[in-house]
>>> print(open('structure-v3.txt').read())   # compact mmCIF, C-alpha atoms
# COMPACT_ATOMS: atom_id res chain seq x y z
CA MET A 1 69.36 74.33 105.50
CA SER A 2 71.58 73.05 108.28
CA GLU A 3 75.32 73.46 108.09
CA THR A 4 77.45 70.33 107.98
CA GLU A 5 78.86 69.61 111.42
CA THR A 6 82.65 69.60 111.61
CA ILE A 7 84.74 68.30 114.48
CA SER A 8 88.42 68.47 115.29
CA GLN A 9 90.82 65.55 114.95
CA GLU A 10 90.99 65.26 118.75
CA GLU A 11 87.18 65.04 118.96
CA ALA A 12 87.11 62.43 116.20
CA LEU A 13 89.69 60.29 118.02
CA GLN A 14 87.70 60.64 121.22
CA LYS A 15 84.58 59.34 119.50
CA LEU A 16 86.48 56.48 117.86
CA SER A 17 88.17 55.42 121.10
CA VAL A 18 85.04 53.46 122.01
CA VAL A 19 86.11 50.67 119.62
CA THR A 20 89.23 49.91 121.70
CA ALA A 21 88.25 51.11 125.17
CA ASP A 22 87.21 47.63 126.32
CA TYR A 23 90.31 45.81 125.05
CA VAL A 24 94.01 46.69 125.56
CA PRO A 25 93.54 50.36 124.58
CA GLU A 26 97.21 51.35 124.97
CA ALA A 27 98.79 48.26 123.45
CA VAL A 28 101.84 48.65 121.21
CA TRP A 29 101.63 46.46 118.11
CA THR A 30 104.35 44.69 116.15
CA VAL A 31 103.15 42.94 113.00
CA GLY A 32 105.18 40.37 111.07
CA GLY A 33 105.37 40.00 107.29
CA ALA A 34 107.90 42.69 106.40
CA PHE A 35 109.86 41.92 103.19
CA ARG A 36 107.27 39.27 102.42
CA TYR A 37 103.80 40.85 102.50
CA ASP A 38 104.77 44.52 102.19
CA THR A 39 102.00 45.55 99.81
CA ALA A 40 99.31 44.33 102.22
CA LEU A 41 101.06 45.71 105.31
CA LEU A 42 101.57 49.17 103.83
CA ALA A 43 97.96 49.38 102.67
CA PHE A 44 96.67 48.29 106.07
CA ALA A 45 99.01 50.62 107.97
CA LYS A 46 97.90 53.60 105.86
CA PHE A 47 94.26 52.74 106.52
CA LEU A 48 94.79 52.63 110.28
CA ALA A 49 96.71 55.91 110.24
CA THR A 50 94.31 57.87 108.04
CA SER A 51 90.90 56.33 108.74
CA LEU A 52 90.99 55.01 112.30
CA GLY A 53 93.70 56.54 114.44
CA VAL A 54 92.99 54.62 117.64
CA ARG A 55 94.97 51.60 116.50
CA CYS A 56 98.28 51.75 114.68
CA ILE A 57 101.19 49.51 113.74
CA ASP A 58 104.22 50.64 115.71
CA THR A 59 106.71 48.21 114.16
CA VAL A 60 106.83 45.65 111.37
CA ALA A 61 108.97 42.55 111.71
CA GLY A 62 110.62 40.34 109.13
CA VAL A 63 113.82 39.98 107.16
CA PRO A 64 115.01 39.21 103.64
CA PRO A 65 116.08 35.55 103.45
CA CYS A 66 119.61 34.92 104.70
CA LEU A 67 121.55 32.34 106.70
CA TRP A 68 120.50 33.96 109.96
CA ASN A 69 116.76 33.36 109.56
CA LEU A 70 114.40 30.46 108.85
CA ASP A 71 111.68 29.85 106.27
CA TYR A 72 108.95 27.50 107.44
CA TYR A 73 107.74 26.58 103.94
CA VAL A 74 109.30 27.74 100.68
CA GLN A 75 112.95 28.75 100.82
CA ARG A 76 112.77 32.32 99.52
CA ARG A 77 115.41 34.10 97.45
CA PRO A 78 117.54 36.97 98.82
CA VAL A 79 116.30 40.50 98.21
CA PRO A 80 118.37 43.09 96.28
CA LEU A 81 119.76 45.75 98.61
CA ASN A 82 118.06 48.63 96.79
CA LYS A 83 114.65 46.98 97.29
CA PHE A 84 115.46 46.46 100.98
CA CYS A 85 116.31 50.16 101.29
CA ASP A 86 113.11 51.17 99.49
CA MET A 87 111.01 49.20 101.96
CA LEU A 88 112.82 50.73 104.94
CA GLU A 89 111.98 54.17 103.59
CA ALA A 90 108.36 53.24 102.83
CA TYR A 91 107.81 52.21 106.45
CA ALA A 92 109.73 55.22 107.80
CA GLN A 93 107.41 57.55 105.88
CA LEU A 94 104.53 56.09 107.91
CA GLY A 95 106.43 56.42 111.19
CA ILE A 96 106.77 52.63 111.46
CA GLY A 97 109.92 50.99 112.78
CA VAL A 98 111.43 47.84 111.26
CA THR A 99 112.70 44.88 113.27
CA LEU A 100 114.89 42.41 111.41
CA VAL A 101 114.04 38.94 112.72
CA PHE A 102 117.02 36.57 112.71
CA ASP A 103 115.18 33.57 114.16
CA ASN A 104 117.71 30.80 113.47
CA PRO A 105 118.99 29.57 116.87
CA TYR A 106 121.38 26.99 115.39
CA LEU A 107 124.07 29.07 113.70
CA THR A 108 127.57 27.74 113.16
CA PRO A 109 130.66 29.95 113.62
CA GLU A 110 130.98 30.07 109.82
CA GLN A 111 127.38 31.26 109.39
CA LEU A 112 127.94 34.05 111.91
CA GLU A 113 130.40 35.56 109.43
CA ASP A 114 127.75 35.82 106.68
CA PRO A 115 128.47 39.15 104.92
CA TYR A 116 124.89 39.57 103.64
CA GLY A 117 123.38 39.42 107.13
CA ALA A 118 125.97 41.90 108.39
CA LEU A 119 125.16 44.22 105.47
CA LEU A 120 121.46 44.11 106.33
CA VAL A 121 122.17 45.09 109.93
CA ARG A 122 124.43 48.00 109.02
CA THR A 123 122.00 49.26 106.40
CA LEU A 124 119.10 49.00 108.84
CA TYR A 125 120.90 51.28 111.29
CA GLU A 126 122.29 53.73 108.74
CA ARG A 127 118.85 54.29 107.17
CA ASP A 128 116.97 54.54 110.45
CA ARG A 129 116.01 58.20 110.23
CA ILE A 130 113.13 57.83 112.73
CA ARG A 131 115.25 55.82 115.22
CA LYS A 132 112.77 52.97 115.70
CA ASN A 133 114.62 50.11 114.00
CA SER A 134 116.07 47.08 115.81
CA VAL A 135 117.02 43.44 115.38
CA CYS A 136 115.60 40.35 117.06
CA VAL A 137 117.80 37.25 117.37
CA ALA A 138 117.42 33.65 118.52
CA SER A 139 121.14 33.10 119.15
CA ASP A 140 123.27 34.61 121.90
CA ALA A 141 126.32 34.23 119.65
CA LEU A 142 124.61 36.22 116.90
CA ALA A 143 123.64 38.89 119.41
CA ALA A 144 127.31 39.26 120.31
CA LYS A 145 128.26 39.41 116.62
CA ILE A 146 125.70 42.14 115.88
CA ARG A 147 126.89 44.20 118.86
CA GLU A 148 130.37 43.93 117.34
CA ILE A 149 129.14 44.92 113.87
CA CYS A 150 126.89 47.75 115.05
CA PRO A 151 127.30 48.62 118.75
CA GLN A 152 124.44 51.14 118.68
CA MET A 153 121.86 48.65 117.44
CA LYS A 154 119.06 47.60 119.78
CA VAL A 155 119.02 43.78 120.05
CA SER A 156 116.02 41.86 121.39
CA CYS A 157 115.54 38.15 122.09
CA HIS A 158 113.34 36.06 119.78
CA TYR A 159 111.17 33.31 121.24
CA ASN A 160 113.02 30.68 119.20
CA ARG A 161 115.85 31.29 121.68
CA LEU A 162 113.47 29.91 124.34
CA ILE A 163 112.35 27.01 122.15
CA ALA A 164 115.97 25.98 121.61
CA GLU A 165 116.70 26.31 125.34
CA THR A 166 117.30 22.88 126.87
CA GLN A 167 116.80 24.02 130.46
CA ARG A 168 113.38 24.41 132.01
CA ARG A 169 111.78 27.77 131.19
CA THR A 170 111.28 29.79 134.35
CA ALA A 171 110.73 33.39 135.33
CA ALA A 172 114.35 33.46 136.50
CA LEU A 173 115.52 32.55 132.98
CA TYR A 174 113.40 35.32 131.46
CA ASN A 175 114.61 37.88 133.99
CA ARG A 176 118.20 36.91 133.21
CA LEU A 177 117.62 37.32 129.46
CA ALA A 178 116.05 40.74 130.11
CA GLU A 179 119.43 41.81 131.51
CA GLN A 180 121.16 40.71 128.29
CA TYR A 181 118.70 42.06 125.72
CA THR A 182 116.75 45.26 125.08
CA ARG A 183 113.53 43.24 124.95
CA VAL A 184 112.55 39.57 125.30
CA ALA A 185 109.70 37.72 123.55
CA LEU A 186 107.95 35.10 125.65
CA HIS A 187 107.73 31.56 124.33
CA PRO A 188 104.23 31.49 122.75
CA ALA A 189 103.09 28.78 125.17
CA ASP A 190 104.16 30.87 128.18
CA GLY A 191 101.73 33.68 127.47
CA GLY A 192 99.09 31.37 128.91
CA LYS A 193 101.12 30.53 132.03
CA PRO A 194 100.53 33.10 134.80
CA SER A 195 102.89 31.09 137.00
CA ILE A 196 105.70 32.38 134.79
CA TRP A 197 104.69 35.87 133.66
CA LYS A 198 103.49 37.01 137.08
CA GLU A 199 107.07 36.61 138.32
CA LEU A 200 108.67 38.77 135.63
CA LYS A 201 110.25 41.84 137.19
CA GLN A 202 109.76 44.28 134.30
CA PRO A 203 106.70 43.32 132.23
CA ALA A 204 107.15 46.39 130.01
CA ARG A 205 110.40 44.82 128.71
CA PHE A 206 108.66 41.70 127.36
CA ASP A 207 106.80 41.02 124.11
CA ILE A 208 103.77 38.73 123.89
CA VAL A 209 103.03 36.66 120.76
CA LEU A 210 99.25 36.49 120.33
CA ASN A 211 98.71 34.24 117.34
CA ASP A 212 101.00 31.23 117.19
CA PRO A 213 98.93 28.30 115.80
CA THR A 214 101.30 25.61 117.10
CA PRO A 215 99.84 23.25 119.75
CA ARG A 216 100.77 24.40 123.26
CA ASN A 217 102.22 21.02 124.12
CA HIS A 218 104.00 20.46 120.81
CA PRO A 219 106.46 17.62 121.55
CA LEU A 220 108.76 18.24 118.58
CA ARG A 221 109.00 22.01 118.28
CA ARG A 222 112.75 22.09 118.92
CA GLU A 223 113.27 19.28 116.41
CA LEU A 224 111.37 21.31 113.80
CA LEU A 225 113.67 24.30 114.28
CA GLN A 226 116.73 22.08 113.89
CA LEU A 227 115.28 20.70 110.67
CA LEU A 228 114.49 24.19 109.30
CA ALA A 229 118.02 25.32 110.11
CA ALA A 230 119.38 22.36 108.10
CA MET A 231 117.04 23.22 105.20
CA ARG A 232 118.38 26.79 105.13
CA VAL A 233 121.83 25.36 104.40
CA SER A 234 120.58 22.65 101.98
CA PRO A 235 117.30 23.94 100.53
CA TYR A 236 117.07 21.28 97.79
CA ASP A 237 117.69 18.27 100.01
CA ALA A 238 114.66 16.03 99.38
CA GLU A 239 115.39 13.96 102.48
CA LEU A 240 115.03 17.05 104.68
CA MET A 241 111.74 17.92 102.97
CA SER A 242 110.44 14.42 103.61
CA ARG A 243 111.43 14.61 107.28
CA ARG A 244 109.65 17.92 107.66
CA ALA A 245 106.44 16.52 106.17
CA ASP A 246 106.70 13.46 108.42
CA LEU A 247 107.19 15.65 111.49
CA HIS A 248 104.09 17.70 110.69
CA ASN A 249 102.07 14.52 110.22
CA ARG A 250 103.25 13.09 113.54
CA VAL A 251 101.81 16.01 115.51
CA GLY A 252 98.94 16.89 113.19
CA GLU A 253 96.49 14.01 113.64
CA THR A 254 94.31 15.87 116.18
CA ARG A 255 95.37 19.39 115.19
CA HIS A 256 93.66 19.03 111.81
CA LEU A 257 90.32 17.91 113.25
CA ALA A 258 87.96 20.89 113.25
CA GLU A 259 86.05 19.71 116.31
CA THR A 260 89.20 19.72 118.44
CA LEU A 261 90.83 22.87 117.02
CA GLN A 262 90.07 25.28 119.86
CA ARG A 263 92.06 28.34 120.87
CA ARG A 264 93.17 26.81 124.15
CA ASP A 265 94.65 23.85 122.27
CA THR A 266 97.10 26.12 120.42
CA CYS A 267 99.39 28.99 121.37
CA ASN A 268 96.77 31.47 120.11
CA LEU A 269 95.98 33.51 123.20
CA SER A 270 92.34 34.13 124.04
CA ARG A 271 91.15 37.68 124.61
CA ALA A 272 90.76 36.91 128.31
CA GLU A 273 94.41 35.80 128.47
CA THR A 274 95.51 38.87 126.52
CA GLN A 275 93.52 41.17 128.80
CA ALA A 276 95.04 39.53 131.89
CA LEU A 277 98.54 40.14 130.53
CA TYR A 278 97.65 43.75 129.76
CA GLU A 279 96.33 44.33 133.27
CA ALA A 280 99.60 42.88 134.62
CA GLY A 281 101.57 45.60 132.83
CA PHE A 282 102.45 43.98 129.48
CA ARG A 283 101.95 46.44 126.63
CA SER A 284 103.88 45.07 123.67
CA PHE A 285 102.06 42.50 121.53
CA ILE A 286 103.27 40.66 118.42
CA ILE A 287 101.14 39.36 115.54
CA GLN A 288 103.53 36.91 113.86
CA GLN A 289 103.45 35.62 110.28
CA GLN A 290 106.14 32.97 109.83
CA HIS A 291 103.67 30.10 110.19
CA PHE A 292 101.43 31.42 107.39
CA ARG A 293 101.59 30.68 103.68
CA ASN A 294 99.82 33.86 102.50
CA GLU A 295 99.02 37.41 103.56
CA MET A 296 95.25 36.84 103.85
CA THR A 297 95.79 34.63 106.91
CA LEU A 298 97.94 37.37 108.43
CA LEU A 299 95.32 40.05 107.74
CA TRP A 300 92.64 37.87 109.33
CA ASP A 301 94.75 37.50 112.45
CA ILE A 302 95.45 41.24 112.59
CA PHE A 303 91.73 41.94 112.83
CA GLN A 304 91.20 39.15 115.33
CA CYS A 305 94.05 40.29 117.58
CA MET A 306 93.57 44.05 117.46
CA PHE A 307 89.84 44.19 118.20
CA SER A 308 87.66 42.58 120.84
CA TYR A 309 84.58 41.76 118.71
CA SER A 310 82.47 42.10 121.85
CA PRO A 311 78.72 41.79 121.08
CA GLU A 312 77.99 45.48 121.62
CA LEU A 313 80.83 46.54 119.28
CA ILE A 314 80.91 43.74 116.73
CA ASN A 315 79.09 45.84 114.12
CA LYS A 316 81.72 48.58 114.40
CA HIS A 317 84.60 46.12 114.26
CA ALA A 318 83.06 44.42 111.22
CA LEU A 319 82.79 47.83 109.51
CA ILE A 320 86.45 48.54 110.28
CA ALA A 321 87.49 45.17 108.83
CA SER A 322 85.40 45.54 105.66
CA SER A 323 86.59 49.12 105.14
CA ALA A 324 90.21 48.07 105.53
CA MET A 325 89.83 45.24 103.03
CA ALA A 326 88.20 47.65 100.56
CA GLU A 327 91.54 49.46 100.39
CA PHE A 328 92.91 46.55 98.38
CA GLY A 329 90.34 47.13 95.62
CA ARG A 330 91.15 50.77 94.97
CA PRO A 331 92.09 51.74 91.40
CA LYS A 332 95.83 51.98 90.78
CA GLU A 333 97.66 54.56 88.74
CA THR A 334 99.97 51.97 87.19
CA LEU A 335 99.29 48.56 85.72
CA PRO A 336 101.17 45.51 86.97
CA SER A 337 104.01 44.55 84.68
CA GLY A 338 106.76 42.00 84.64
CA LEU A 339 109.00 44.71 83.16
CA LYS A 340 108.89 47.10 86.13
CA GLN A 341 112.41 46.18 87.25
CA PHE A 342 113.88 47.00 83.83
CA SER A 343 114.82 50.42 82.47
CA PHE A 344 114.91 51.35 78.81
CA SER A 345 116.89 54.09 77.10
CA GLN A 346 117.12 55.17 73.51
CA SER A 347 120.50 54.80 71.88
CA GLU A 348 121.65 56.45 68.70
>>> encode(input="structure-v3.txt", output="structure tokens")
Amino acid sequence: MSETETISQEEALQKLSVVTADYVPEAVWTVGGAFRYDTALLAFAKFLATSLGVRCIDTVAGVPPCLWNLDYYVQRRPVPLNKFCDMLEAYAQLGIGVTLVFDNPYLTPEQLEDPYGALLVRTLYERDRIRKNSVCVASDALAAKIREICPQMKVSCHYNRLIAETQRRTAALYNRLAEQYTRVALHPADGGKPSIWKELKQPARFDIVLNDPTPRNHPLRRELLQLLAAMRVSPYDAELMSRRADLHNRVGETRHLAETLQRRDTCNLSRAETQALYEAGFRSFIIQQQHFRNEMTLLWDIFQCMFSYSPELINKHALIASSAMAEFGRPKETLPSGLKQFSFSQSE
């Protein structure tokens, strides 16, 4: 009888490294969906940490609904502070940082004084026991406000800041923003423009969005952000809803045709483009979620962005994906209940 072979954790990681060796092996991953798809994100993060090891989520990004952020579809309700704190702790237990994404670039002076947004920022810093949390903003004025509220907080620049920019986007503009912010996210369309990113002085300071489904030459992207900002203030205005639907229809005639929906037509970066950015020194990659209506689309994009699916490894990547999805079918110790937020006590 032969003894069962045992190997160390280091040896196991060495054997597993083959699944990422051909594609951005040292990439740092930020995944959107926090405070929206937390159940799926936590399950997937635990799977990567315990069953794979050669890929991990470094940071999750998202924010409870407030005046400082945008919702692309349904206007969500604010989250109770205790639930927000619970999620911060759940991610901290996995060694995952949290980035609050305040992606509204059209804030008024009155909105900058929003007490709920300020409370979220202070709580994020006070409960950051692993020192990986940060905020990402699309407004220079909001950045200044947050530095006033919490001077120690790391503040990065969201790509909506570049969408709202009326001047021509150039490497000089990006380099200037890198002097103002801890990190800067490239406009999703600029990840496919070597003429811009090859001129960036510190590629390690920039974040690359891999999976934005918007057409690269979207003519009305800035107008959409302005409309979403108005809907945040007036969420039940039917006229705004009608204008949003009309805007989508105006740019969607070819986008919805399957035969023309190719990766190069959208801001989804190809693996060749991603690899070129990696070889140029970019290491931080974002898998965003704000354009998606459900977590299954986000999970699909996570698999597509994190693994190469090269012919010689596609069987291994398919096994990883199917094993990860099997985590969602595991038996649970508690049954779902609409009463879970209530507490009951016996009184005499």
>>> closest_residue(input="structure-v3.txt", among="A:Gln152, A:Asn294, A:Thr50, A:Thr166", to="Thr182 (chain A)", atoms="all atoms listed in the file")
A:Gln152
>>> axis_aligned_box(input="structure-v3.txt", around="region 326-334 of chain A", padding_each_side="8 Å", output="AutoDock Vina command-line options")
--center_x 94.1 --center_y 50.6 --center_z 93.9 --size_x 27.8 --size_y 24.0 --size_z 29.4
>>> residues_around(input="structure-v3.txt", residues="Gln275 (chain A)", least_positions_apart="2", cutoff="12 Å", atoms="only C-alpha atoms", output="list in words")
Ala21, Asp22, Tyr23, Val24, Pro25, Glu26, Ala27, Gly191, Gly192, Ile208, Leu210, Leu269, Ser270, Arg271, Ala272, Glu273, Leu277, Tyr278, Glu279, Ala280, Gly281, Phe282, Arg283, Phe285, Cys305, Met306, Phe307 and Ser308 of chain A
>>> write_last_selection(input="structure-v3.txt", atoms="C-alpha atoms", output="PDB file, in the frame of the given file")
ATOM      1  CA  ALA A  21      88.250  51.110 125.170  1.00  0.00           C
ATOM      2  CA  ASP A  22      87.210  47.630 126.320  1.00  0.00           C
ATOM      3  CA  TYR A  23      90.310  45.810 125.050  1.00  0.00           C
ATOM      4  CA  VAL A  24      94.010  46.690 125.560  1.00  0.00           C
ATOM      5  CA  PRO A  25      93.540  50.360 124.580  1.00  0.00           C
ATOM      6  CA  GLU A  26      97.210  51.350 124.970  1.00  0.00           C
ATOM      7  CA  ALA A  27      98.790  48.260 123.450  1.00  0.00           C
ATOM      8  CA  GLY A 191     101.730  33.680 127.470  1.00  0.00           C
ATOM      9  CA  GLY A 192      99.090  31.370 128.910  1.00  0.00           C
ATOM     10  CA  ILE A 208     103.770  38.730 123.890  1.00  0.00           C
ATOM     11  CA  LEU A 210      99.250  36.490 120.330  1.00  0.00           C
ATOM     12  CA  LEU A 269      95.980  33.510 123.200  1.00  0.00           C
ATOM     13  CA  SER A 270      92.340  34.130 124.040  1.00  0.00           C
ATOM     14  CA  ARG A 271      91.150  37.680 124.610  1.00  0.00           C
ATOM     15  CA  ALA A 272      90.760  36.910 128.310  1.00  0.00           C
ATOM     16  CA  GLU A 273      94.410  35.800 128.470  1.00  0.00           C
ATOM     17  CA  LEU A 277      98.540  40.140 130.530  1.00  0.00           C
ATOM     18  CA  TYR A 278      97.650  43.750 129.760  1.00  0.00           C
ATOM     19  CA  GLU A 279      96.330  44.330 133.270  1.00  0.00           C
ATOM     20  CA  ALA A 280      99.600  42.880 134.620  1.00  0.00           C
ATOM     21  CA  GLY A 281     101.570  45.600 132.830  1.00  0.00           C
ATOM     22  CA  PHE A 282     102.450  43.980 129.480  1.00  0.00           C
ATOM     23  CA  ARG A 283     101.950  46.440 126.630  1.00  0.00           C
ATOM     24  CA  PHE A 285     102.060  42.500 121.530  1.00  0.00           C
ATOM     25  CA  CYS A 305      94.050  40.290 117.580  1.00  0.00           C
ATOM     26  CA  MET A 306      93.570  44.050 117.460  1.00  0.00           C
ATOM     27  CA  PHE A 307      89.840  44.190 118.200  1.00  0.00           C
ATOM     28  CA  SER A 308      87.660  42.580 120.840  1.00  0.00           C
TER      29      SER A 308
END
>>> residues_around(input="structure-v3.txt", residues="Asp71 (chain A)", least_positions_apart="3", cutoff="9 Å", atoms="only C-alpha atoms", output="PDB file with C-alpha atoms, keeping the file's coordinate frame")
ATOM      1  CA  PRO A  65     116.080  35.550 103.450  1.00  0.00           C
ATOM      2  CA  VAL A  74     109.300  27.740 100.680  1.00  0.00           C
ATOM      3  CA  GLN A  75     112.950  28.750 100.820  1.00  0.00           C
ATOM      4  CA  ARG A  76     112.770  32.320  99.520  1.00  0.00           C
ATOM      5  CA  LEU A 228     114.490  24.190 109.300  1.00  0.00           C
ATOM      6  CA  ALA A 229     118.020  25.320 110.110  1.00  0.00           C
ATOM      7  CA  MET A 231     117.040  23.220 105.200  1.00  0.00           C
ATOM      8  CA  ARG A 232     118.380  26.790 105.130  1.00  0.00           C
ATOM      9  CA  GLN A 290     106.140  32.970 109.830  1.00  0.00           C
ATOM     10  CA  HIS A 291     103.670  30.100 110.190  1.00  0.00           C
TER      11      HIS A 291
END
>>> residues_around(input="structure-v3.txt", residues="Phe102 (chain A)", least_positions_apart="2", cutoff="7 Å", atoms="only C-alpha atoms", output="PyMOL selection string")
chain A and resi 68-69+100+104+136-138
>>> residues_near_point(input="structure-v3.txt", point="(112.2, 40.8, 129.2)", cutoff="10 Å", atoms="only C-alpha atoms", output="list of chain:residue names")
A:Ser156, A:Cys157, A:Ala171, A:Leu173, A:Tyr174, A:Asn175, A:Arg176, A:Leu177, A:Ala178, A:Glu179, A:Gln180, A:Tyr181, A:Thr182, A:Arg183, A:Val184, A:Ala185, A:Leu186, A:Leu200, A:Lys201, A:Gln202, A:Pro203, A:Ala204, A:Arg205, A:Phe206, A:Asp207
>>> build_atoms(input="structure-v3.txt", residues="region 314-322 of chain A", atoms="all heavy atoms", output="PDB file, in the frame of the given file")
ATOM      1  N   ILE A 314      80.542  44.589 117.866  1.00  0.00           N
ATOM      2  CA  ILE A 314      80.910  43.740 116.730  1.00  0.00           C
ATOM      3  C   ILE A 314      80.538  44.386 115.401  1.00  0.00           C
ATOM      4  O   ILE A 314      81.235  44.219 114.397  1.00  0.00           O
ATOM      5  CB  ILE A 314      80.250  42.343 116.867  1.00  0.00           C
ATOM      6  CG1 ILE A 314      80.866  41.391 115.832  1.00  0.00           C
ATOM      7  CG2 ILE A 314      78.729  42.410 116.725  1.00  0.00           C
ATOM      8  CD1 ILE A 314      80.495  39.940 116.055  1.00  0.00           C
ATOM      9  N   ASN A 315      79.454  45.177 115.372  1.00  0.00           N
ATOM     10  CA  ASN A 315      79.090  45.840 114.120  1.00  0.00           C
ATOM     11  C   ASN A 315      80.138  46.868 113.721  1.00  0.00           C
ATOM     12  O   ASN A 315      80.471  47.018 112.537  1.00  0.00           O
ATOM     13  CB  ASN A 315      77.717  46.498 114.242  1.00  0.00           C
ATOM     14  CG  ASN A 315      77.665  47.546 115.339  1.00  0.00           C
ATOM     15  OD1 ASN A 315      78.289  47.391 116.386  1.00  0.00           O
ATOM     16  ND2 ASN A 315      76.907  48.621 115.105  1.00  0.00           N
ATOM     17  N   LYS A 316      80.678  47.581 114.699  1.00  0.00           N
ATOM     18  CA  LYS A 316      81.720  48.580 114.400  1.00  0.00           C
ATOM     19  C   LYS A 316      83.009  47.908 113.973  1.00  0.00           C
ATOM     20  O   LYS A 316      83.681  48.364 113.029  1.00  0.00           O
ATOM     21  CB  LYS A 316      81.947  49.464 115.634  1.00  0.00           C
ATOM     22  CG  LYS A 316      80.750  50.320 116.008  1.00  0.00           C
ATOM     23  CD  LYS A 316      81.035  51.158 117.225  1.00  0.00           C
ATOM     24  CE  LYS A 316      79.881  52.110 117.552  1.00  0.00           C
ATOM     25  NZ  LYS A 316      78.630  51.387 117.828  1.00  0.00           N
ATOM     26  N   HIS A 317      83.384  46.820 114.641  1.00  0.00           N
ATOM     27  CA  HIS A 317      84.600  46.120 114.260  1.00  0.00           C
ATOM     28  C   HIS A 317      84.465  45.484 112.877  1.00  0.00           C
ATOM     29  O   HIS A 317      85.431  45.452 112.105  1.00  0.00           O
ATOM     30  CB  HIS A 317      84.923  45.049 115.309  1.00  0.00           C
ATOM     31  CG  HIS A 317      85.285  45.629 116.644  1.00  0.00           C
ATOM     32  ND1 HIS A 317      85.112  44.942 117.827  1.00  0.00           N
ATOM     33  CD2 HIS A 317      85.808  46.829 116.990  1.00  0.00           C
ATOM     34  CE1 HIS A 317      85.515  45.702 118.832  1.00  0.00           C
ATOM     35  NE2 HIS A 317      85.933  46.841 118.352  1.00  0.00           N
ATOM     36  N   ALA A 318      83.284  44.984 112.556  1.00  0.00           N
ATOM     37  CA  ALA A 318      83.060  44.420 111.220  1.00  0.00           C
ATOM     38  C   ALA A 318      83.161  45.511 110.150  1.00  0.00           C
ATOM     39  O   ALA A 318      83.714  45.273 109.062  1.00  0.00           O
ATOM     40  CB  ALA A 318      81.686  43.756 111.165  1.00  0.00           C
ATOM     41  N   LEU A 319      82.680  46.713 110.459  1.00  0.00           N
ATOM     42  CA  LEU A 319      82.790  47.830 109.510  1.00  0.00           C
ATOM     43  C   LEU A 319      84.254  48.212 109.308  1.00  0.00           C
ATOM     44  O   LEU A 319      84.684  48.480 108.176  1.00  0.00           O
ATOM     45  CB  LEU A 319      81.996  49.026 110.022  1.00  0.00           C
ATOM     46  CG  LEU A 319      82.091  50.308 109.167  1.00  0.00           C
ATOM     47  CD1 LEU A 319      81.576  50.057 107.758  1.00  0.00           C
ATOM     48  CD2 LEU A 319      81.338  51.458 109.839  1.00  0.00           C
ATOM     49  N   ILE A 320      85.027  48.223 110.392  1.00  0.00           N
ATOM     50  CA  ILE A 320      86.450  48.540 110.280  1.00  0.00           C
ATOM     51  C   ILE A 320      87.142  47.512 109.382  1.00  0.00           C
ATOM     52  O   ILE A 320      87.920  47.868 108.487  1.00  0.00           O
ATOM     53  CB  ILE A 320      87.103  48.567 111.671  1.00  0.00           C
ATOM     54  CG1 ILE A 320      86.595  49.776 112.465  1.00  0.00           C
ATOM     55  CG2 ILE A 320      88.627  48.623 111.553  1.00  0.00           C
ATOM     56  CD1 ILE A 320      87.000  49.744 113.929  1.00  0.00           C
ATOM     57  N   ALA A 321      86.853  46.232 109.609  1.00  0.00           N
ATOM     58  CA  ALA A 321      87.490  45.170 108.830  1.00  0.00           C
ATOM     59  C   ALA A 321      87.110  45.268 107.351  1.00  0.00           C
ATOM     60  O   ALA A 321      87.980  45.177 106.463  1.00  0.00           O
ATOM     61  CB  ALA A 321      87.103  43.805 109.386  1.00  0.00           C
ATOM     62  N   SER A 322      85.833  45.463 107.060  1.00  0.00           N
ATOM     63  CA  SER A 322      85.400  45.540 105.660  1.00  0.00           C
ATOM     64  C   SER A 322      85.948  46.788 104.980  1.00  0.00           C
ATOM     65  O   SER A 322      86.324  46.751 103.803  1.00  0.00           O
ATOM     66  CB  SER A 322      83.872  45.506 105.566  1.00  0.00           C
ATOM     67  OG  SER A 322      83.300  46.596 106.261  1.00  0.00           O
TER      68      SER A 322
END
